[in-house]
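The structure file run.cif is reproduced below (mmCIF, N, CA and C atoms).
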```cif
data_my_file
loop_
_atom_site.label_atom_id
_atom_site.label_comp_id
_atom_site.auth_asym_id
_atom_site.auth_seq_id
_atom_site.Cartn_x
_atom_site.Cartn_y
_atom_site.Cartn_z
N MET F 1 -48.65 110.62 185.75
CA MET F 1 -48.02 110.01 184.58
C MET F 1 -46.77 109.27 185.03
N SER F 2 -46.66 108.01 184.65
CA SER F 2 -45.48 107.22 184.99
C SER F 2 -44.79 106.79 183.71
N THR F 3 -43.49 106.97 183.68
CA THR F 3 -42.72 106.57 182.51
C THR F 3 -41.81 105.42 182.89
N THR F 4 -41.31 104.73 181.89
CA THR F 4 -40.34 103.67 182.12
C THR F 4 -38.99 104.33 182.36
N PRO F 5 -38.35 104.07 183.50
CA PRO F 5 -37.09 104.75 183.82
C PRO F 5 -35.93 104.29 182.94
N GLU F 6 -34.97 105.18 182.78
CA GLU F 6 -33.74 104.89 182.03
C GLU F 6 -32.55 105.29 182.89
N VAL F 7 -31.48 104.51 182.80
CA VAL F 7 -30.26 104.80 183.55
C VAL F 7 -29.71 106.15 183.10
N GLY F 8 -29.30 106.96 184.07
CA GLY F 8 -28.70 108.26 183.80
C GLY F 8 -29.67 109.43 183.82
N LYS F 9 -30.96 109.16 183.83
CA LYS F 9 -31.94 110.24 183.85
C LYS F 9 -32.42 110.51 185.27
N THR F 10 -32.90 111.73 185.48
CA THR F 10 -33.40 112.14 186.79
C THR F 10 -34.92 112.08 186.81
N TYR F 11 -35.46 111.53 187.90
CA TYR F 11 -36.90 111.36 188.03
C TYR F 11 -37.39 111.81 189.39
N ARG F 12 -38.65 112.25 189.41
CA ARG F 12 -39.38 112.43 190.66
C ARG F 12 -40.07 111.09 190.87
N ILE F 13 -39.79 110.44 191.97
CA ILE F 13 -40.26 109.09 192.22
C ILE F 13 -41.31 109.12 193.34
N LYS F 14 -42.46 108.55 193.05
CA LYS F 14 -43.51 108.40 194.05
C LYS F 14 -43.58 106.91 194.37
N HIS F 15 -43.10 106.56 195.56
CA HIS F 15 -43.03 105.16 195.99
C HIS F 15 -44.15 104.90 196.99
N SER F 16 -44.82 103.78 196.88
CA SER F 16 -45.97 103.48 197.73
C SER F 16 -45.59 103.38 199.21
N ARG F 17 -44.34 103.04 199.51
CA ARG F 17 -43.92 102.90 200.91
C ARG F 17 -42.89 103.94 201.35
N LYS F 18 -42.05 104.37 200.41
CA LYS F 18 -40.94 105.26 200.76
C LYS F 18 -41.27 106.74 200.58
N GLY F 19 -42.43 107.05 200.01
CA GLY F 19 -42.80 108.44 199.82
C GLY F 19 -42.30 108.99 198.50
N THR F 20 -42.16 110.31 198.44
CA THR F 20 -41.77 111.00 197.21
C THR F 20 -40.39 111.62 197.38
N PHE F 21 -39.53 111.40 196.38
CA PHE F 21 -38.18 111.95 196.36
C PHE F 21 -37.71 112.01 194.92
N SER F 22 -36.61 112.71 194.68
CA SER F 22 -36.05 112.82 193.33
C SER F 22 -34.68 112.17 193.30
N GLY F 23 -34.37 111.54 192.16
CA GLY F 23 -33.07 110.89 192.08
C GLY F 23 -32.70 110.51 190.66
N ILE F 24 -31.42 110.16 190.51
CA ILE F 24 -30.86 109.73 189.24
C ILE F 24 -30.80 108.21 189.25
N VAL F 25 -31.37 107.58 188.24
CA VAL F 25 -31.32 106.12 188.15
C VAL F 25 -29.91 105.72 187.74
N THR F 26 -29.25 104.90 188.58
CA THR F 26 -27.87 104.47 188.31
C THR F 26 -27.77 103.01 187.92
N GLY F 27 -28.85 102.26 188.12
CA GLY F 27 -28.87 100.85 187.75
C GLY F 27 -30.31 100.41 187.59
N LEU F 28 -30.52 99.39 186.75
CA LEU F 28 -31.88 99.01 186.42
C LEU F 28 -31.91 97.56 185.93
N ASP F 29 -32.92 96.81 186.37
CA ASP F 29 -33.22 95.51 185.78
C ASP F 29 -34.73 95.36 185.70
N ASP F 30 -35.22 94.15 185.50
CA ASP F 30 -36.66 93.97 185.31
C ASP F 30 -37.49 94.23 186.57
N THR F 31 -36.86 94.16 187.74
CA THR F 31 -37.59 94.28 189.01
C THR F 31 -37.18 95.49 189.83
N TRP F 32 -35.90 95.86 189.79
CA TRP F 32 -35.34 96.86 190.70
C TRP F 32 -34.73 98.04 189.96
N ALA F 33 -34.69 99.19 190.64
CA ALA F 33 -33.96 100.37 190.17
C ALA F 33 -33.08 100.85 191.32
N LYS F 34 -31.84 101.14 191.01
CA LYS F 34 -30.93 101.73 191.99
C LYS F 34 -30.92 103.23 191.71
N VAL F 35 -31.16 104.04 192.76
CA VAL F 35 -31.36 105.48 192.59
C VAL F 35 -30.45 106.26 193.53
N LEU F 36 -29.74 107.24 192.99
CA LEU F 36 -28.97 108.19 193.79
C LEU F 36 -29.91 109.35 194.09
N ILE F 37 -30.26 109.53 195.34
CA ILE F 37 -31.22 110.57 195.72
C ILE F 37 -30.58 111.95 195.60
N VAL F 38 -31.28 112.87 194.94
CA VAL F 38 -30.78 114.24 194.79
C VAL F 38 -31.62 115.25 195.57
N ALA F 39 -32.85 114.88 195.93
CA ALA F 39 -33.71 115.76 196.73
C ALA F 39 -34.74 114.91 197.44
N GLY F 40 -35.02 115.29 198.68
CA GLY F 40 -36.02 114.58 199.46
C GLY F 40 -35.43 113.44 200.26
N THR F 41 -36.32 112.64 200.84
CA THR F 41 -35.92 111.52 201.70
C THR F 41 -36.75 110.30 201.34
N ALA F 42 -36.08 109.16 201.21
CA ALA F 42 -36.77 107.88 201.02
C ALA F 42 -37.07 107.35 202.42
N ARG F 43 -38.33 107.36 202.79
CA ARG F 43 -38.76 106.95 204.13
C ARG F 43 -38.66 105.43 204.30
N ALA F 44 -38.71 104.98 205.55
CA ALA F 44 -38.68 103.56 205.87
C ALA F 44 -39.37 103.34 207.20
N MET F 45 -39.72 102.10 207.49
CA MET F 45 -40.36 101.78 208.77
C MET F 45 -39.40 102.05 209.93
N LEU F 46 -38.13 101.76 209.72
CA LEU F 46 -37.12 101.99 210.75
C LEU F 46 -36.25 103.19 210.35
N ASP F 47 -36.03 104.10 211.28
CA ASP F 47 -35.28 105.33 210.99
C ASP F 47 -33.93 105.07 210.34
N TYR F 48 -33.22 104.06 210.79
CA TYR F 48 -31.87 103.84 210.26
C TYR F 48 -31.87 103.31 208.82
N ASN F 49 -33.02 102.99 208.28
CA ASN F 49 -33.13 102.57 206.88
C ASN F 49 -33.53 103.72 205.95
N GLU F 50 -33.81 104.91 206.51
CA GLU F 50 -34.15 106.05 205.66
C GLU F 50 -32.91 106.51 204.91
N ARG F 51 -33.12 107.03 203.68
CA ARG F 51 -32.03 107.52 202.86
C ARG F 51 -32.34 108.94 202.42
N GLU F 52 -31.30 109.79 202.42
CA GLU F 52 -31.46 111.21 202.08
C GLU F 52 -30.60 111.56 200.87
N ALA F 53 -30.65 112.83 200.46
CA ALA F 53 -29.88 113.30 199.31
C ALA F 53 -28.41 112.92 199.47
N GLY F 54 -27.84 112.40 198.38
CA GLY F 54 -26.45 111.97 198.39
C GLY F 54 -26.29 110.48 198.67
N GLU F 55 -27.37 109.82 199.10
CA GLU F 55 -27.33 108.39 199.39
C GLU F 55 -28.06 107.62 198.29
N THR F 56 -27.78 106.32 198.21
CA THR F 56 -28.39 105.46 197.22
C THR F 56 -29.46 104.59 197.86
N VAL F 57 -30.55 104.38 197.12
CA VAL F 57 -31.63 103.50 197.57
C VAL F 57 -32.01 102.59 196.40
N THR F 58 -32.37 101.36 196.72
CA THR F 58 -32.86 100.43 195.71
C THR F 58 -34.36 100.28 195.90
N VAL F 59 -35.12 100.46 194.81
CA VAL F 59 -36.58 100.41 194.89
C VAL F 59 -37.13 99.37 193.92
N ARG F 60 -38.23 98.76 194.31
CA ARG F 60 -38.93 97.81 193.43
C ARG F 60 -39.78 98.63 192.45
N LEU F 61 -39.60 98.37 191.17
CA LEU F 61 -40.29 99.13 190.13
C LEU F 61 -41.81 99.08 190.27
N SER F 62 -42.34 97.95 190.70
CA SER F 62 -43.79 97.81 190.79
C SER F 62 -44.40 98.67 191.90
N HIS F 63 -43.57 99.24 192.77
CA HIS F 63 -44.06 100.10 193.86
C HIS F 63 -43.89 101.58 193.54
N CYS F 64 -43.43 101.90 192.32
CA CYS F 64 -43.06 103.28 191.99
C CYS F 64 -43.79 103.83 190.77
N ALA F 65 -43.91 105.15 190.78
CA ALA F 65 -44.29 105.90 189.59
C ALA F 65 -43.14 106.87 189.33
N PHE F 66 -42.64 106.88 188.11
CA PHE F 66 -41.51 107.73 187.74
C PHE F 66 -41.97 108.85 186.84
N GLU F 67 -41.58 110.08 187.17
CA GLU F 67 -41.88 111.25 186.35
C GLU F 67 -40.55 111.93 186.05
N GLU F 68 -40.17 111.97 184.78
CA GLU F 68 -38.87 112.52 184.41
C GLU F 68 -38.80 114.01 184.75
N VAL F 69 -37.66 114.41 185.30
CA VAL F 69 -37.41 115.80 185.66
C VAL F 69 -36.48 116.38 184.59
N PRO F 70 -36.86 117.50 183.96
CA PRO F 70 -35.99 118.09 182.92
C PRO F 70 -34.63 118.45 183.50
N ALA F 71 -33.60 118.23 182.70
CA ALA F 71 -32.23 118.50 183.15
C ALA F 71 -31.94 119.97 183.28
#
```

Step by step, read the file and then write its structure as structure tokens.
Amino acid sequence: MSTTPEVGKTYRIKHSRKGTFSGIVTGLDDTWAKVLIVAGTARAMLDYNEREAGETVTVRLSHCAFEEVPA
């Protein structure tokens, strides 16, 4: 199940390239979401582009499925 993300809410994010992680959406537009990771790791092709808990990652909405995590 994928929901439309909202700023300030926490989601479990399944990204087609970055894998699965949880985070709080801190910014949003029609194409991108800025996410503060709270659990897991956003993978990348290059190690130095990976992001972990406490770091921010920007993801393309069309590559993600968002599942809201209860507060």

Counting only N, CA and C atoms, what is within 8 Å of segment 20-37 of chain F, bar same-chain residues fewer than 6 positions away, as a PDB file with N, CA and C atoms, in the frame of the given file?
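Contents of part_11.pdb, freshly written:
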```pdb
ATOM      1  N   PRO F   5     -38.350 104.070 183.500  1.00  0.00           N
ATOM      2  CA  PRO F   5     -37.090 104.750 183.820  1.00  0.00           C
ATOM      3  C   PRO F   5     -35.930 104.290 182.940  1.00  0.00           C
ATOM      4  N   GLU F   6     -34.970 105.180 182.780  1.00  0.00           N
ATOM      5  CA  GLU F   6     -33.740 104.890 182.030  1.00  0.00           C
ATOM      6  C   GLU F   6     -32.550 105.290 182.890  1.00  0.00           C
ATOM      7  N   VAL F   7     -31.480 104.510 182.800  1.00  0.00           N
ATOM      8  CA  VAL F   7     -30.260 104.800 183.550  1.00  0.00           C
ATOM      9  C   VAL F   7     -29.710 106.150 183.100  1.00  0.00           C
ATOM     10  N   GLY F   8     -29.300 106.960 184.070  1.00  0.00           N
ATOM     11  CA  GLY F   8     -28.700 108.260 183.800  1.00  0.00           C
ATOM     12  C   GLY F   8     -29.670 109.430 183.820  1.00  0.00           C
ATOM     13  N   LYS F   9     -30.960 109.160 183.830  1.00  0.00           N
ATOM     14  CA  LYS F   9     -31.940 110.240 183.850  1.00  0.00           C
ATOM     15  C   LYS F   9     -32.420 110.510 185.270  1.00  0.00           C
ATOM     16  N   THR F  10     -32.900 111.730 185.480  1.00  0.00           N
ATOM     17  CA  THR F  10     -33.400 112.140 186.790  1.00  0.00           C
ATOM     18  C   THR F  10     -34.920 112.080 186.810  1.00  0.00           C
ATOM     19  N   TYR F  11     -35.460 111.530 187.900  1.00  0.00           N
ATOM     20  CA  TYR F  11     -36.900 111.360 188.030  1.00  0.00           C
ATOM     21  C   TYR F  11     -37.390 111.810 189.390  1.00  0.00           C
ATOM     22  N   ARG F  12     -38.650 112.250 189.410  1.00  0.00           N
ATOM     23  CA  ARG F  12     -39.380 112.430 190.660  1.00  0.00           C
ATOM     24  C   ARG F  12     -40.070 111.090 190.870  1.00  0.00           C
ATOM     25  N   ILE F  13     -39.790 110.440 191.970  1.00  0.00           N
ATOM     26  CA  ILE F  13     -40.260 109.090 192.220  1.00  0.00           C
ATOM     27  C   ILE F  13     -41.310 109.120 193.340  1.00  0.00           C
ATOM     28  N   LYS F  14     -42.460 108.550 193.050  1.00  0.00           N
ATOM     29  CA  LYS F  14     -43.510 108.400 194.050  1.00  0.00           C
ATOM     30  C   LYS F  14     -43.580 106.910 194.370  1.00  0.00           C
ATOM     31  N   ARG F  43     -38.330 107.360 202.790  1.00  0.00           N
ATOM     32  CA  ARG F  43     -38.760 106.950 204.130  1.00  0.00           C
ATOM     33  C   ARG F  43     -38.660 105.430 204.300  1.00  0.00           C
ATOM     34  N   ARG F  51     -33.120 107.030 203.680  1.00  0.00           N
ATOM     35  CA  ARG F  51     -32.030 107.520 202.860  1.00  0.00           C
ATOM     36  C   ARG F  51     -32.340 108.940 202.420  1.00  0.00           C
ATOM     37  N   GLU F  52     -31.300 109.790 202.420  1.00  0.00           N
ATOM     38  CA  GLU F  52     -31.460 111.210 202.080  1.00  0.00           C
ATOM     39  C   GLU F  52     -30.600 111.560 200.870  1.00  0.00           C
ATOM     40  N   ALA F  53     -30.650 112.830 200.460  1.00  0.00           N
ATOM     41  CA  ALA F  53     -29.880 113.300 199.310  1.00  0.00           C
ATOM     42  C   ALA F  53     -28.410 112.920 199.470  1.00  0.00           C
ATOM     43  N   GLY F  54     -27.840 112.400 198.380  1.00  0.00           N
ATOM     44  CA  GLY F  54     -26.450 111.970 198.390  1.00  0.00           C
ATOM     45  C   GLY F  54     -26.290 110.480 198.670  1.00  0.00           C
ATOM     46  N   GLU F  55     -27.370 109.820 199.100  1.00  0.00           N
ATOM     47  CA  GLU F  55     -27.330 108.390 199.390  1.00  0.00           C
ATOM     48  C   GLU F  55     -28.060 107.620 198.290  1.00  0.00           C
ATOM     49  N   THR F  56     -27.780 106.320 198.210  1.00  0.00           N
ATOM     50  CA  THR F  56     -28.390 105.460 197.220  1.00  0.00           C
ATOM     51  C   THR F  56     -29.460 104.590 197.860  1.00  0.00           C
ATOM     52  N   VAL F  57     -30.550 104.380 197.120  1.00  0.00           N
ATOM     53  CA  VAL F  57     -31.630 103.500 197.570  1.00  0.00           C
ATOM     54  C   VAL F  57     -32.010 102.590 196.400  1.00  0.00           C
ATOM     55  N   THR F  58     -32.370 101.360 196.720  1.00  0.00           N
ATOM     56  CA  THR F  58     -32.860 100.430 195.710  1.00  0.00           C
ATOM     57  C   THR F  58     -34.360 100.280 195.900  1.00  0.00           C
ATOM     58  N   VAL F  59     -35.120 100.460 194.810  1.00  0.00           N
ATOM     59  CA  VAL F  59     -36.580 100.410 194.890  1.00  0.00           C
ATOM     60  C   VAL F  59     -37.130  99.370 193.920  1.00  0.00           C
ATOM     61  N   ARG F  60     -38.230  98.760 194.310  1.00  0.00           N
ATOM     62  CA  ARG F  60     -38.930  97.810 193.430  1.00  0.00           C
ATOM     63  C   ARG F  60     -39.780  98.630 192.450  1.00  0.00           C
ATOM     64  N   LEU F  61     -39.600  98.370 191.170  1.00  0.00           N
ATOM     65  CA  LEU F  61     -40.290  99.130 190.130  1.00  0.00           C
ATOM     66  C   LEU F  61     -41.810  99.080 190.270  1.00  0.00           C
ATOM     67  N   SER F  62     -42.340  97.950 190.700  1.00  0.00           N
ATOM     68  CA  SER F  62     -43.790  97.810 190.790  1.00  0.00           C
ATOM     69  C   SER F  62     -44.400  98.670 191.900  1.00  0.00           C
ATOM     70  N   HIS F  63     -43.570  99.240 192.770  1.00  0.00           N
ATOM     71  CA  HIS F  63     -44.060 100.100 193.860  1.00  0.00           C
ATOM     72  C   HIS F  63     -43.890 101.580 193.540  1.00  0.00           C
TER      73      HIS F  63
END
```

Explicit residue set for the PyMOL selection byres (((chain F and resi 2 and name CA) around 8) and name CA), as an MDAnalysis selection string: chainID F and resid 1 3:4 65:67

Using only N, CA and C atoms, please write the residues we just selected to a file, as a JSON list (two decimals), keeping the file's coordinate frame.
```json
[["chain", "number", "residue", "atom", "x", "y", "z"],
["F", 1, "MET", "N", -48.65, 110.62, 185.75],
["F", 1, "MET", "CA", -48.02, 110.01, 184.58],
["F", 1, "MET", "C", -46.77, 109.27, 185.03],
["F", 3, "THR", "N", -43.49, 106.97, 183.68],
["F", 3, "THR", "CA", -42.72, 106.57, 182.51],
["F", 3, "THR", "C", -41.81, 105.42, 182.89],
["F", 4, "THR", "N", -41.31, 104.73, 181.89],
["F", 4, "THR", "CA", -40.34, 103.67, 182.12],
["F", 4, "THR", "C", -38.99, 104.33, 182.36],
["F", 65, "ALA", "N", -43.91, 105.15, 190.78],
["F", 65, "ALA", "CA", -44.29, 105.90, 189.59],
["F", 65, "ALA", "C", -43.14, 106.87, 189.33],
["F", 66, "PHE", "N", -42.64, 106.88, 188.11],
["F", 66, "PHE", "CA", -41.51, 107.73, 187.74],
["F", 66, "PHE", "C", -41.97, 108.85, 186.84],
["F", 67, "GLU", "N", -41.58, 110.08, 187.17],
["F", 67, "GLU", "CA", -41.88, 111.25, 186.35],
["F", 67, "GLU", "C", -40.55, 111.93, 186.05]]
```

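Closest approach to Cys64 of chain F from the set F:Glu50, F:Met45, F:His15, F:Gly40 is made by F:His15, with distances taken over all atoms listed in the file.
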
Coordinates-based distance that separates atom CA of Lys18 of chain F from atom C of Ala39 of chain F (Å, one decimal): 11.9 Å
